[in-house]
$ cat start_7.cif   # mmCIF, C-alpha atoms
data_query
loop_
_atom_site.label_atom_id
_atom_site.label_comp_id
_atom_site.auth_asym_id
_atom_site.auth_seq_id
_atom_site.Cartn_x
_atom_site.Cartn_y
_atom_site.Cartn_z
CA PRO A 1 40.00 -40.19 14.48
CA ALA A 2 37.85 -40.18 11.37
CA VAL A 3 38.43 -36.45 10.90
CA HIS A 4 42.15 -36.94 11.41
CA ILE A 5 42.32 -39.60 8.69
CA PHE A 6 40.28 -37.43 6.35
CA MET A 7 42.63 -34.48 6.81
CA GLN A 8 45.64 -36.70 6.15
CA GLN A 9 44.29 -38.01 2.87
CA ILE A 10 43.17 -34.75 1.29
CA PRO A 11 46.58 -33.01 1.04
CA ALA A 12 48.17 -36.15 -0.42
CA GLN A 13 45.53 -36.43 -3.10
CA ALA A 14 45.62 -32.74 -3.90
CA ALA A 15 49.40 -32.62 -4.13
CA ALA A 16 49.75 -35.57 -6.50
CA PRO A 17 48.64 -33.76 -9.71
CA GLU A 18 50.88 -30.78 -8.91
CA ASP A 19 53.95 -32.97 -8.48
CA MET A 20 53.34 -34.88 -11.69
CA PRO A 21 55.16 -33.31 -14.68
CA SER A 22 53.10 -32.37 -17.69
CA VAL A 23 53.11 -34.37 -20.90
CA GLY A 24 55.23 -31.72 -22.59
CA THR A 25 57.78 -31.80 -19.77
CA ARG A 26 57.98 -35.57 -19.88
CA LEU A 27 58.47 -35.50 -23.65
CA LYS A 28 61.30 -32.98 -23.25
CA MET A 29 62.94 -35.16 -20.61
CA TRP A 30 62.54 -38.23 -22.82
CA TRP A 31 64.07 -36.48 -25.83
CA ALA A 32 66.92 -35.02 -23.76
CA ASP A 33 67.95 -38.51 -22.62
CA PHE A 34 67.46 -40.12 -26.04
CA PRO A 35 70.80 -41.32 -27.55
CA LEU A 36 72.21 -39.53 -30.60
CA TYR A 37 71.92 -42.25 -33.25
CA SER A 38 68.37 -43.10 -32.18
CA ARG A 39 67.48 -39.40 -32.36
CA ALA A 40 68.95 -39.09 -35.84
CA MET A 41 67.11 -42.17 -37.12
CA PHE A 42 63.82 -40.89 -35.68
CA VAL A 43 64.25 -37.43 -37.25
CA VAL A 44 65.38 -38.72 -40.67
CA VAL A 45 62.55 -41.24 -41.00
CA ALA A 46 59.96 -38.66 -39.88
CA ALA A 47 61.37 -36.00 -42.24
CA VAL A 48 61.32 -38.38 -45.21
CA PHE A 49 57.72 -39.29 -44.42
CA VAL A 50 56.82 -35.60 -44.46
CA MET A 51 58.51 -35.32 -47.87
CA GLN A 52 56.40 -38.22 -49.10
CA GLY A 53 53.27 -36.46 -47.86
CA THR A 54 54.07 -33.27 -49.78
CA GLY A 55 53.74 -35.13 -53.05
CA ALA A 56 57.45 -35.34 -53.76
CA ALA A 57 58.18 -38.28 -56.06
CA VAL A 58 60.55 -39.96 -53.61
CA THR A 59 58.86 -43.33 -53.12
CA GLU A 60 59.44 -44.71 -56.61
CA ALA A 61 62.82 -43.01 -56.86
CA TRP A 62 64.16 -44.30 -53.51
CA CYS A 63 62.35 -47.58 -52.84
CA PHE A 64 64.17 -50.90 -52.68
CA ASN A 65 63.92 -52.25 -56.24
CA PRO A 66 66.26 -55.17 -57.13
CA ARG A 67 65.80 -54.67 -60.85
CA ALA A 68 66.75 -50.98 -60.67
CA ILE A 69 69.79 -51.86 -58.54
CA VAL A 70 71.01 -54.56 -60.92
CA GLU A 71 70.12 -53.12 -64.32
CA GLN A 72 70.31 -49.37 -63.66
CA HIS A 73 73.05 -49.52 -61.00
CA GLU A 74 71.01 -47.46 -58.52
CA VAL A 75 72.94 -48.83 -55.56
CA TYR A 76 71.61 -46.16 -53.17
CA ARG A 77 68.31 -48.06 -53.10
CA LEU A 78 69.97 -50.62 -50.83
CA TRP A 79 69.57 -48.12 -47.98
CA THR A 80 67.05 -45.44 -48.94
CA GLY A 81 64.05 -47.77 -49.07
CA ALA A 82 64.27 -48.30 -45.31
CA ALA A 83 63.47 -44.62 -44.67
CA LEU A 84 60.23 -44.70 -46.69
CA HIS A 85 56.81 -45.70 -45.38
CA SER A 86 53.43 -46.35 -46.96
CA GLY A 87 51.17 -44.64 -44.43
CA ILE A 88 50.73 -43.25 -40.95
CA LEU A 89 50.20 -46.64 -39.26
CA HIS A 90 53.24 -48.06 -41.01
CA ILE A 91 55.56 -45.33 -39.76
CA VAL A 92 54.01 -45.12 -36.27
CA PHE A 93 54.46 -48.83 -35.56
CA ASN A 94 57.97 -48.83 -36.98
CA LEU A 95 59.07 -45.77 -35.00
CA LEU A 96 57.53 -47.10 -31.79
CA ALA A 97 59.52 -50.30 -32.21
CA ALA A 98 62.64 -48.33 -33.19
CA VAL A 99 62.62 -46.08 -30.10
CA SER A 100 62.32 -49.20 -27.95
CA LEU A 101 65.02 -51.30 -29.61
CA SER A 102 67.62 -48.87 -30.92
CA PRO A 103 68.67 -47.20 -27.61
CA MET A 104 69.27 -50.61 -26.04
CA LEU A 105 71.79 -51.51 -28.73
CA GLU A 106 73.26 -48.00 -28.81
CA LEU A 107 74.21 -48.28 -25.13
CA ARG A 108 75.97 -51.56 -25.83
CA TYR A 109 77.80 -50.69 -29.05
CA GLY A 110 78.01 -46.92 -28.75
CA THR A 111 76.60 -44.26 -31.06
CA ALA A 112 79.21 -44.74 -33.78
CA GLY A 113 79.19 -48.50 -33.34
CA ILE A 114 75.45 -48.93 -33.74
CA PHE A 115 75.53 -46.69 -36.83
CA VAL A 116 78.20 -48.86 -38.46
CA LEU A 117 76.49 -52.05 -37.32
CA SER A 118 73.11 -50.92 -38.67
CA LEU A 119 74.71 -49.97 -41.98
CA LEU A 120 76.34 -53.41 -42.27
CA MET A 121 73.16 -55.30 -41.38
CA GLN A 122 71.00 -53.21 -43.71
CA THR A 123 73.51 -53.73 -46.52
CA LEU A 124 73.65 -57.50 -45.98
CA ALA A 125 69.85 -57.85 -45.85
CA ALA A 126 69.43 -55.72 -48.98
CA VAL A 127 72.10 -57.61 -50.93
CA LEU A 128 70.43 -60.90 -50.00
CA GLY A 129 67.13 -59.43 -51.19
CA VAL A 130 68.65 -58.44 -54.53
CA ALA A 131 70.32 -61.84 -54.98
CA SER A 132 67.16 -63.80 -54.14
CA GLY A 133 65.01 -61.63 -56.41
CA TYR A 134 67.45 -61.96 -59.29
CA ALA A 135 67.72 -65.74 -58.83
CA ALA A 136 63.94 -66.13 -58.72
CA ALA A 137 63.55 -64.00 -61.86
CA GLN A 138 66.13 -66.09 -63.69
CA GLY A 139 64.28 -69.25 -62.73
CA ALA A 140 60.85 -67.95 -63.74
CA GLY A 141 59.17 -70.46 -66.08
CA ALA A 142 61.83 -73.04 -65.29
CA TRP A 143 62.44 -74.09 -61.70
CA ALA A 144 61.03 -71.14 -59.75
CA PRO A 145 57.34 -71.50 -58.76
CA VAL A 146 54.99 -68.52 -58.77
CA TRP A 147 54.89 -68.24 -54.97
CA LEU A 148 58.68 -67.86 -54.90
CA LEU A 149 58.48 -64.95 -57.33
CA LYS A 150 55.91 -63.28 -55.08
CA CYS A 151 57.95 -63.81 -51.92
CA PHE A 152 61.19 -62.58 -53.51
CA PRO A 153 60.15 -60.12 -56.23
CA TYR A 154 62.69 -58.81 -58.70
CA ARG A 155 60.57 -55.94 -59.99
CA GLY A 156 58.90 -55.09 -56.71
CA CYS A 157 59.23 -51.80 -54.84
CA SER A 158 59.71 -52.40 -51.11
CA ILE A 159 59.77 -49.74 -48.40
CA GLY A 160 59.95 -49.60 -44.62
CA LEU A 161 62.27 -49.89 -41.65
CA SER A 162 61.00 -53.28 -40.51
CA GLY A 163 63.84 -55.27 -42.09
CA LEU A 164 66.38 -53.46 -39.89
CA LEU A 165 64.02 -53.74 -36.91
CA PHE A 166 63.99 -57.52 -37.35
CA SER A 167 67.80 -57.38 -37.19
CA TYR A 168 67.57 -55.38 -33.96
CA ILE A 169 65.05 -57.83 -32.48
CA THR A 170 67.25 -60.81 -33.37
CA MET A 171 70.29 -59.21 -31.75
CA HIS A 172 68.34 -58.15 -28.69
CA VAL A 173 66.93 -61.60 -27.86
CA HIS A 174 70.43 -63.11 -28.13
CA ILE A 175 72.13 -60.42 -26.07
CA GLU A 176 69.83 -59.70 -23.14
CA ASP A 177 68.22 -62.82 -21.69
CA THR A 178 66.49 -66.09 -22.43
CA MET A 179 63.12 -65.31 -20.83
CA PRO A 180 60.03 -66.08 -22.94
CA ARG A 181 58.70 -63.21 -25.02
CA SER A 182 55.09 -62.13 -25.33
CA LEU A 183 53.70 -62.39 -28.84
CA PHE A 184 51.04 -59.66 -29.18
CA GLY A 185 50.07 -60.39 -25.58
CA PHE A 186 48.30 -63.65 -26.55
CA CYS A 187 51.03 -66.21 -25.95
CA SER A 188 54.68 -66.52 -25.02
CA VAL A 189 57.45 -68.04 -27.09
CA PRO A 190 61.11 -68.81 -26.26
CA ALA A 191 63.26 -65.71 -26.70
CA LYS A 192 65.43 -67.24 -29.42
CA MET A 193 62.33 -68.19 -31.42
CA TYR A 194 60.65 -64.79 -31.07
CA PRO A 195 61.89 -63.26 -34.38
CA TRP A 196 60.81 -66.36 -36.31
CA ALA A 197 57.40 -66.52 -34.64
CA LEU A 198 56.91 -62.82 -35.33
CA LEU A 199 57.87 -63.37 -38.97
CA VAL A 200 55.24 -66.08 -39.41
CA ILE A 201 52.48 -64.23 -37.54
CA LEU A 202 52.98 -61.00 -39.49
CA GLN A 203 52.96 -62.90 -42.78
CA ILE A 204 49.68 -64.56 -41.84
CA LEU A 205 48.01 -61.38 -40.59
CA TRP A 206 49.32 -59.13 -43.38
CA PRO A 207 50.15 -61.25 -46.45
CA GLY A 208 51.26 -58.14 -48.34
CA VAL A 209 54.31 -57.51 -46.13
CA SER A 210 57.72 -58.33 -47.53
CA LEU A 211 58.67 -61.85 -46.48
CA GLY A 212 62.13 -61.42 -47.94
CA GLY A 213 62.71 -58.12 -46.15
CA HIS A 214 61.82 -59.57 -42.76
CA LEU A 215 63.56 -62.90 -43.35
CA PHE A 216 66.82 -61.36 -44.47
CA GLY A 217 66.58 -58.88 -41.61
CA ILE A 218 66.67 -61.84 -39.21
CA VAL A 219 69.62 -63.35 -41.08
CA ALA A 220 71.45 -60.02 -40.91
CA GLY A 221 70.68 -59.85 -37.18
CA TYR A 222 72.43 -63.19 -36.64
CA ALA A 223 75.39 -61.91 -38.65
CA GLY A 224 75.40 -58.75 -36.53
CA PHE A 225 75.37 -60.66 -33.27
CA LEU A 226 77.88 -63.35 -34.23
CA TYR A 227 80.30 -61.50 -36.52
CA PHE A 228 79.74 -57.78 -37.13
CA GLY A 229 79.06 -56.89 -33.49
CA PRO A 230 82.30 -58.18 -31.96
CA HIS A 231 84.35 -56.53 -34.72
CA VAL A 232 82.50 -53.23 -34.30
CA GLN A 233 83.09 -53.28 -30.55
CA ALA A 234 86.80 -53.87 -31.09
CA VAL A 235 87.22 -50.55 -32.93
CA ARG A 236 87.47 -47.19 -31.19
CA TRP A 237 85.43 -45.07 -33.58
CA GLU A 238 85.88 -41.82 -31.69
CA TRP A 239 89.21 -41.13 -33.40
CA CYS A 240 87.38 -40.18 -36.62
CA ILE A 241 84.54 -38.23 -34.97
CA PRO A 242 84.84 -34.54 -34.04
CA SER A 243 85.25 -33.95 -30.33
CA SER A 244 82.34 -31.52 -30.43
CA VAL A 245 80.12 -34.52 -31.22
CA THR A 246 81.63 -36.97 -28.75
CA ARG A 247 81.26 -34.43 -25.93
CA LEU A 248 77.49 -34.30 -26.40
CA GLU A 249 75.58 -35.83 -23.52
CA CYS A 250 73.49 -37.89 -25.92
CA TYR A 251 76.61 -39.42 -27.53
CA LYS A 252 77.20 -42.92 -26.14
CA MET A 253 80.59 -44.58 -25.90
CA GLY A 254 79.23 -48.12 -25.70
CA SER A 255 79.56 -48.59 -21.95
CA GLY A 256 76.58 -50.92 -21.72
CA GLY A 257 73.20 -50.65 -20.07
CA LEU A 258 70.63 -52.50 -18.03
CA ILE A 259 67.03 -53.41 -18.78
CA LEU A 260 64.94 -53.22 -15.63
CA SER A 261 61.28 -54.12 -15.81
CA GLY A 262 61.13 -53.37 -19.51
CA VAL A 263 62.68 -49.91 -19.07
CA LEU A 264 66.13 -49.07 -20.36
CA HIS A 265 68.37 -47.44 -17.80
CA ASP A 266 71.77 -45.97 -18.54
CA PRO A 267 73.94 -46.26 -15.41
CA ASN A 268 76.13 -43.39 -16.63
CA ALA A 269 73.28 -41.02 -17.42
CA SER A 270 71.90 -38.33 -15.17
CA SER A 271 68.72 -38.76 -13.20
CA GLY A 272 65.80 -39.59 -15.44
CA GLY A 273 67.93 -41.27 -18.10
CA ARG A 274 65.30 -43.74 -19.21
CA TRP A 275 63.53 -44.46 -22.43
CA MET A 276 60.17 -45.84 -23.39
CA PRO A 277 59.06 -49.18 -21.95
CA SER A 278 60.26 -52.05 -24.08
CA PHE A 279 57.69 -53.38 -26.52
CA MET A 280 59.17 -56.87 -26.28
CA SER A 281 58.36 -57.66 -22.69
CA SER A 282 59.71 -60.68 -20.92
CA SER A 283 58.18 -62.52 -18.02
CA SER A 284 60.86 -61.45 -15.57
CA THR A 285 59.92 -60.08 -12.15
CA PRO A 286 60.03 -56.28 -12.00
CA ALA A 287 62.54 -54.62 -9.74
CA PRO A 288 61.17 -52.82 -6.67
CA GLY A 289 60.26 -49.23 -7.30
CA ARG A 290 60.02 -49.71 -11.05
CA PHE A 291 56.90 -49.88 -13.15
CA PRO A 292 55.07 -53.03 -12.03
CA GLY A 293 53.39 -55.46 -14.37
CA GLN A 294 54.16 -56.58 -17.88
CA GLY A 295 54.01 -54.78 -21.15
CA ARG A 296 52.66 -56.26 -24.32
CA SER A 297 54.74 -57.03 -27.34
CA LEU A 298 54.36 -54.47 -30.11
CA ALA A 299 55.37 -55.74 -33.52
CA ASP A 300 55.84 -54.02 -36.82
CA GLY A 301 52.42 -53.91 -38.38
CA GLY A 302 53.30 -51.82 -41.37
CA ASP A 303 53.29 -52.79 -44.99
CA LEU A 304 56.36 -53.22 -47.10
CA VAL A 305 54.87 -52.51 -50.49
#
$ encode --input "start_7.cif" --output "structure tokens"
Amino acid sequence: PAVHIFMQQIPAQAAAPEDMPSVGTRLKMWWADFPLYSRAMFVVVAAVFVMQGTGAAVTEAWCFNPRAIVEQHEVYRLWTGAALHSGILHIVFNLLAAVSLSPMLELRYGTAGIFVLSLLMQTLAAVLGVASGYAAAQGAGAWAPVWLLKCFPYRGCSIGLSGLLFSYITMHVHIEDTMPRSLFGFCSVPAKMYPWALLVILQILWPGVSLGGHLFGIVAGYAGFLYFGPHVQAVRWEWCIPSSVTRLECYKMGSGGLILSGVLHDPNASSGGRWMPSFMSSSSTPAPGRFPGQGRSLADGGDLV
């Protein structure tokens, strides 16, 4: 009997590594099932970071600068600053959060819908940032204290995707469920309070991050969930998009999706249509056959300088 058991175990153990796909194969499968808007955002942000690394003077020219927007009418800075990053850790943490959050919303609102929704939320957050910076600058020496000028700078140069990510987080916790969320794996907070708790913790751990960028990202997320989102869903955007694009497998029509055990699953996708485990894990019980256990919350740790 002992020999029989031994002979049963050996083939199973030997076959396991052969059946497991390689890292390259798994990356190809992941990218093939990645939605179109999320792909585009990933590629654009990575390409801009490469441009920054080549020494191209894009940071000062494209960063979010309220004074340049108001006085020099460089309105493009409302959006371009989000694509810039200050270093490798900054972009890695932001992209990891983006690939977790963006596909979830893209399945709900569709590829065109999430693009329009992201544009609206980014615009609202940036306009609020310009208005607060201008108001604080006008009140300098009068009613505005020094700390307010630091929190909402008028002459500052802010970069990073985290403002939009805070909008995504805010929408996600109001759309999906009310289970408590893990905060860096140390404690759990109510889902609705998660964006605010994350805002405070990041500000304490990294005082140099943009309080205004994160705060107005949360505000824009509420606007997206309560107002922009329903209006975006009511429009059929495919009429203005070439059919060659809408026929792509990675183009999503906004049919909705499910989150099972922290993994996004598209019910309309082919086998293997899953993305990375969610970095905002809840304490829900995993479904049978899925990845067991809980993930840890991964927050944006990058600087907005």
$ closest_residue --input "start_7.cif" --among "A:Leu78, A:Phe49, A:Glu106, A:Lys150" --to "Val209 (chain A)" --atoms "all atoms listed in the file"
A:Lys150
$ atom_distance --input "start_7.cif" --atom1 "CA of Val43 (chain A)" --atom2 "CA of Gln122 (chain A)"
18.3 Å
$ closest_residue --input "start_7.cif" --among "A:Leu183, A:Met29, A:Leu95, A:Leu128" --to "Leu202 (chain A)" --atoms "all atoms listed in the file"
A:Leu183
$ resolve_selection --input "start_7.cif" --expression "the PyMOL selection byres ((chain A and resi 230-242) around 9)" --output "PyMOL selection string"
chain A and resi 108-110+112-114+116-117+224-229+243-247+253-254
$ atom_distance --input "start_7.cif" --atom1 "CA of Pro35 (chain A)" --atom2 "CA of Met171 (chain A)"
18.4 Å
$ atom_distance --input "start_7.cif" --atom1 "CA of Gln72 (chain A)" --atom2 "CA of His214 (chain A)"
24.8 Å
$ residues_around --input "start_7.cif" --residues "region 135-142 of chain A" --least-positions-apart "4" --cutoff "8 Å" --atoms "all atoms listed in the file" --output "PyMOL selection string"
chain A and resi 131+146+148-149+152-154
$ write_last_selection --input "start_7.cif" --atoms "C-alpha atoms" --output "PDB file, keeping the file's coordinate frame"
ATOM      1  CA  ALA A 131      70.320 -61.840 -54.980  1.00  0.00           C
ATOM      2  CA  VAL A 146      54.990 -68.520 -58.770  1.00  0.00           C
ATOM      3  CA  LEU A 148      58.680 -67.860 -54.900  1.00  0.00           C
ATOM      4  CA  LEU A 149      58.480 -64.950 -57.330  1.00  0.00           C
ATOM      5  CA  PHE A 152      61.190 -62.580 -53.510  1.00  0.00           C
ATOM      6  CA  PRO A 153      60.150 -60.120 -56.230  1.00  0.00           C
ATOM      7  CA  TYR A 154      62.690 -58.810 -58.700  1.00  0.00           C
TER       8      TYR A 154
END
$ build_atoms --input "start_7.cif" --residues "region 177-189 of chain A" --atoms "N, CA and C atoms" --output "PDB file, keeping the file's coordinate frame"
ATOM      1  N   ASP A 177      68.594 -61.732 -22.591  1.00  0.00           N
ATOM      2  CA  ASP A 177      68.220 -62.820 -21.690  1.00  0.00           C
ATOM      3  C   ASP A 177      67.538 -63.913 -22.485  1.00  0.00           C
ATOM      4  N   THR A 178      67.146 -64.956 -21.781  1.00  0.00           N
ATOM      5  CA  THR A 178      66.490 -66.090 -22.430  1.00  0.00           C
ATOM      6  C   THR A 178      65.059 -66.257 -21.939  1.00  0.00           C
ATOM      7  N   MET A 179      64.491 -65.220 -21.325  1.00  0.00           N
ATOM      8  CA  MET A 179      63.120 -65.310 -20.830  1.00  0.00           C
ATOM      9  C   MET A 179      62.154 -65.354 -22.010  1.00  0.00           C
ATOM     10  N   PRO A 180      61.026 -66.041 -21.864  1.00  0.00           N
ATOM     11  CA  PRO A 180      60.030 -66.080 -22.940  1.00  0.00           C
ATOM     12  C   PRO A 180      59.535 -64.687 -23.298  1.00  0.00           C
ATOM     13  N   ARG A 181      59.183 -64.498 -24.536  1.00  0.00           N
ATOM     14  CA  ARG A 181      58.700 -63.210 -25.020  1.00  0.00           C
ATOM     15  C   ARG A 181      57.221 -63.286 -25.360  1.00  0.00           C
ATOM     16  N   SER A 182      56.524 -62.204 -25.050  1.00  0.00           N
ATOM     17  CA  SER A 182      55.090 -62.130 -25.330  1.00  0.00           C
ATOM     18  C   SER A 182      54.872 -61.817 -26.794  1.00  0.00           C
ATOM     19  N   LEU A 183      54.005 -62.576 -27.436  1.00  0.00           N
ATOM     20  CA  LEU A 183      53.700 -62.390 -28.840  1.00  0.00           C
ATOM     21  C   LEU A 183      52.310 -61.759 -28.951  1.00  0.00           C
ATOM     22  N   PHE A 184      52.287 -60.419 -29.103  1.00  0.00           N
ATOM     23  CA  PHE A 184      51.040 -59.660 -29.180  1.00  0.00           C
ATOM     24  C   PHE A 184      50.192 -59.811 -27.918  1.00  0.00           C
ATOM     25  N   GLY A 185      50.793 -60.257 -26.820  1.00  0.00           N
ATOM     26  CA  GLY A 185      50.070 -60.390 -25.580  1.00  0.00           C
ATOM     27  C   GLY A 185      49.193 -61.630 -25.501  1.00  0.00           C
ATOM     28  N   PHE A 186      49.187 -62.480 -26.529  1.00  0.00           N
ATOM     29  CA  PHE A 186      48.300 -63.650 -26.550  1.00  0.00           C
ATOM     30  C   PHE A 186      49.008 -64.915 -26.079  1.00  0.00           C
ATOM     31  N   CYS A 187      50.289 -65.030 -26.351  1.00  0.00           N
ATOM     32  CA  CYS A 187      51.030 -66.210 -25.950  1.00  0.00           C
ATOM     33  C   CYS A 187      52.501 -65.845 -25.812  1.00  0.00           C
ATOM     34  N   SER A 188      53.248 -66.734 -25.195  1.00  0.00           N
ATOM     35  CA  SER A 188      54.680 -66.520 -25.020  1.00  0.00           C
ATOM     36  C   SER A 188      55.448 -67.561 -25.810  1.00  0.00           C
ATOM     37  N   VAL A 189      56.588 -67.142 -26.335  1.00  0.00           N
ATOM     38  CA  VAL A 189      57.450 -68.040 -27.090  1.00  0.00           C
ATOM     39  C   VAL A 189      58.862 -67.904 -26.540  1.00  0.00           C
TER      40      VAL A 189
END
